[in-house]
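Here the structure comes first, spelled out in structure tokens, and everything after it is commentary.
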Amino acid sequence: MVPPDYLRKLGAKPGDALLIPEEDLRPFAAGARVLRRPPKKEKVRGIVVRVRRREDLARDIGWYRRVMEEDGFLWIVIPKKVAREALGRDVTFEDVLDAALRTDLVDNKTLTFSETEYGIRLVVRARLRGRDRRATSTST
């Protein structure tokens, strides 16, 4: 059972557009506007996704970063250390950090999703948010 305040813990509010491709992760976003696929002409407030293989991390983080709003978030759900082998996934916290820190993203929170999985929230570095808007407003 998902605690009732989980949406807030994710960093979202009721009605926010969240991309959550995997059905079993969708209950964590109760109250949000949950999408299975990214919208064609808009970005989403947040994303909750599993990356199953270490070698896919950089590609997937880059792709999801382009889909999320500048002040949004990306949750990467990975197995807890004791469950990696049982779940058949080799992605670690260090792998996520290594891939994220090569982009404009930084980790700022972790959250338990189940007995076997937890998530790492990635956000755009605060000093980089709004950079395009500031450049536009100072040049006019």
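In the structure tokens, the first chain shown is A, the next is B, and so on; residue numbers restart at 1 for each chain, and ligands run from 1 in the order shown.
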message: Show me, as a list in words, the residues that have an atom within 6 Å of Glu117 in chain A when counting only C-alpha atoms, minus same-chain residues fewer than 6 positions from it.
response: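 Once the adjacent positions are removed, what remains is Ile78, Pro79 and Lys80 of chain A.
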DSSP strand (DSSP E) residues within range 80-136 of chain A, as a compact mmCIF listing (two decimals) with all heavy atoms, in the first residue's frame:
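Written file, states_10.txt:
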```
# COMPACT_ATOMS: atom_id res chain seq x y z
N LEU A 105 22.28 17.76 -14.05
CA LEU A 105 21.47 17.24 -12.95
C LEU A 105 22.32 16.91 -11.73
O LEU A 105 23.50 16.58 -11.84
CB LEU A 105 20.73 15.97 -13.39
CG LEU A 105 19.76 16.13 -14.55
CD1 LEU A 105 19.21 14.78 -14.97
CD2 LEU A 105 18.64 17.08 -14.19
N VAL A 106 21.67 16.97 -10.57
CA VAL A 106 22.31 16.62 -9.30
C VAL A 106 21.28 15.88 -8.46
O VAL A 106 20.08 16.12 -8.58
CB VAL A 106 22.83 17.89 -8.59
CG1 VAL A 106 21.71 18.83 -8.21
CG2 VAL A 106 23.69 17.56 -7.40
N ASP A 107 21.75 14.97 -7.61
CA ASP A 107 20.82 14.25 -6.73
C ASP A 107 20.50 15.12 -5.53
O ASP A 107 21.34 15.88 -5.07
CB ASP A 107 21.41 12.91 -6.29
CG ASP A 107 22.58 13.08 -5.34
OD1 ASP A 107 23.54 13.78 -5.72
OD2 ASP A 107 22.54 12.52 -4.23
N ASN A 108 19.24 15.01 -5.05
CA ASN A 108 18.90 15.79 -3.86
C ASN A 108 17.99 15.06 -2.89
O ASN A 108 17.60 15.63 -1.88
CB ASN A 108 18.30 17.16 -4.23
CG ASN A 108 16.89 17.07 -4.73
OD1 ASN A 108 16.41 16.01 -5.14
ND2 ASN A 108 16.19 18.19 -4.70
N LYS A 109 17.66 13.79 -3.19
CA LYS A 109 16.79 13.07 -2.27
C LYS A 109 16.76 11.60 -2.65
O LYS A 109 16.93 11.25 -3.82
CB LYS A 109 15.37 13.65 -2.36
CG LYS A 109 14.39 13.14 -1.35
CD LYS A 109 13.07 13.88 -1.47
CE LYS A 109 12.11 13.46 -0.39
NZ LYS A 109 10.84 14.20 -0.46
N THR A 110 16.54 10.74 -1.66
CA THR A 110 16.26 9.33 -1.92
C THR A 110 14.94 8.98 -1.24
O THR A 110 14.53 9.66 -0.29
CB THR A 110 17.38 8.40 -1.40
OG1 THR A 110 17.50 8.56 0.00
CG2 THR A 110 18.70 8.67 -2.10
N LEU A 111 14.30 7.93 -1.72
CA LEU A 111 12.99 7.56 -1.20
C LEU A 111 12.78 6.07 -1.42
O LEU A 111 13.07 5.55 -2.50
CB LEU A 111 11.93 8.36 -1.95
CG LEU A 111 10.49 8.30 -1.49
CD1 LEU A 111 10.33 8.78 -0.05
CD2 LEU A 111 9.62 9.14 -2.41
N THR A 112 12.28 5.38 -0.42
CA THR A 112 11.99 3.96 -0.54
C THR A 112 10.69 3.75 -1.31
O THR A 112 9.67 4.37 -1.00
CB THR A 112 11.88 3.32 0.86
OG1 THR A 112 13.16 3.44 1.50
CG2 THR A 112 11.50 1.85 0.78
N GLU A 117 13.37 -1.89 -3.57
CA GLU A 117 13.78 -0.78 -4.44
C GLU A 117 13.70 0.57 -3.74
O GLU A 117 12.87 0.77 -2.86
CB GLU A 117 12.87 -0.71 -5.68
CG GLU A 117 13.00 -1.86 -6.62
CD GLU A 117 12.10 -1.68 -7.82
OE1 GLU A 117 10.88 -1.51 -7.63
OE2 GLU A 117 12.62 -1.70 -8.94
N TYR A 118 14.56 1.47 -4.18
CA TYR A 118 14.48 2.86 -3.74
C TYR A 118 14.78 3.74 -4.93
O TYR A 118 15.24 3.28 -5.98
CB TYR A 118 15.42 3.13 -2.56
CG TYR A 118 16.89 3.17 -2.88
CD1 TYR A 118 17.56 4.39 -2.97
CD2 TYR A 118 17.62 2.01 -3.09
CE1 TYR A 118 18.91 4.45 -3.26
CE2 TYR A 118 18.97 2.06 -3.37
CZ TYR A 118 19.62 3.28 -3.45
OH TYR A 118 20.96 3.32 -3.73
N GLY A 119 14.47 5.01 -4.78
CA GLY A 119 14.68 5.94 -5.87
C GLY A 119 15.62 7.05 -5.49
O GLY A 119 15.76 7.41 -4.32
N ILE A 120 16.26 7.60 -6.51
CA ILE A 120 17.15 8.74 -6.37
C ILE A 120 16.55 9.87 -7.20
O ILE A 120 16.30 9.70 -8.40
CB ILE A 120 18.56 8.41 -6.89
CG1 ILE A 120 19.10 7.17 -6.17
CG2 ILE A 120 19.49 9.60 -6.75
CD1 ILE A 120 20.19 6.46 -6.92
N ARG A 121 16.28 11.00 -6.56
CA ARG A 121 15.69 12.13 -7.29
C ARG A 121 16.80 13.01 -7.84
O ARG A 121 17.70 13.43 -7.12
CB ARG A 121 14.76 12.95 -6.42
CG ARG A 121 14.08 14.07 -7.24
CD ARG A 121 13.00 14.76 -6.48
NE ARG A 121 13.56 15.56 -5.41
CZ ARG A 121 12.82 16.25 -4.55
NH1 ARG A 121 11.50 16.23 -4.63
NH2 ARG A 121 13.38 16.96 -3.60
N LEU A 122 16.70 13.29 -9.13
CA LEU A 122 17.64 14.17 -9.81
C LEU A 122 16.91 15.44 -10.22
O LEU A 122 15.77 15.37 -10.70
CB LEU A 122 18.22 13.48 -11.05
CG LEU A 122 18.89 12.13 -10.80
CD1 LEU A 122 19.29 11.49 -12.12
CD2 LEU A 122 20.10 12.28 -9.89
N VAL A 123 17.54 16.57 -10.03
CA VAL A 123 16.98 17.86 -10.41
C VAL A 123 18.08 18.68 -11.10
O VAL A 123 19.27 18.41 -10.92
CB VAL A 123 16.43 18.64 -9.20
CG1 VAL A 123 15.27 17.90 -8.55
CG2 VAL A 123 17.51 18.93 -8.18
N VAL A 124 17.66 19.68 -11.86
CA VAL A 124 18.62 20.60 -12.47
C VAL A 124 19.28 21.41 -11.36
O VAL A 124 18.60 21.86 -10.43
CB VAL A 124 17.92 21.53 -13.49
CG1 VAL A 124 18.89 22.57 -14.04
CG2 VAL A 124 17.32 20.71 -14.63
```
- request: Identify which of the residues A:Glu70, A:Glu94, A:Ala86, A:Lys41 lies closest to Arg127 in chain A, counting only C-alpha atoms when measuring atom-to-atom distances.
  value: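 For Arg127 in chain A, the nearest of the given residues is A:Glu70.
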- request: Enumerate as a PyMOL selection string all residues of range 52-82 of chain A assigned to helix (DSSP H, G or I) by DSSP on the backbone, naming them with the chain letters and numbers the document uses.
  value: chain A and resi 54-67+81-82
message: Restricting the calculation to only C-alpha atoms: of A:Gly88, A:Pro38, A:Gly72, A:Pro3, which residue gets closest to Pro21 in chain A?
response: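 Nearest to Pro21 in chain A: A:Pro38.
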- request: Pick out the residues sitting within 10 Å of Gly62 in chain A, and hand them over as an MDAnalysis selection string; count only C-alpha atoms, and ignore anything fewer than 3 positions along from it in its own chain.
  value: chainID A and resid 57:59 65:67 99:100 102:105
field: Within 9 Å of Gly15 in chain A using only C-alpha atoms, minus same-chain residues under 3 positions, as an MDAnalysis selection string
entry: chainID A and resid 12 18 31:34
Emit the selected residues as a compact mmCIF listing (two decimals), in the first residue's frame, including C-alpha atoms.
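Below you can see out03.txt, which holds the result:
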```txt
# COMPACT_ATOMS: atom_id res chain seq x y z
CA ALA A 12 4.75 16.85 -7.14
CA LEU A 18 4.18 12.96 -14.49
CA GLY A 31 -3.54 12.54 -7.71
CA ALA A 32 -1.17 13.49 -10.52
CA ARG A 33 -1.90 13.41 -14.24
CA VAL A 34 0.05 10.24 -15.01
```
query: Restricting the calculation to only C-alpha atoms, which member of A:Asp71, A:Phe28, A:Trp63, A:Leu87 is positioned closest to Arg8 in chain A?
result: A:Phe28
- prompt: Residues at most 10 Å from Lys81 in chain A, counting only C-alpha atoms, excluding those fewer than 6 positions away in the same chain, as a PyMOL selection string?
  reply: chain A and resi 90-93+116-118
Minimum-distance residue to Arg36 in chain A, chosen among A:Asp24, A:Leu19, A:Asp60, A:Ala83 (using only C-alpha atoms):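 The closest residue to Arg36 in chain A is A:Leu19.
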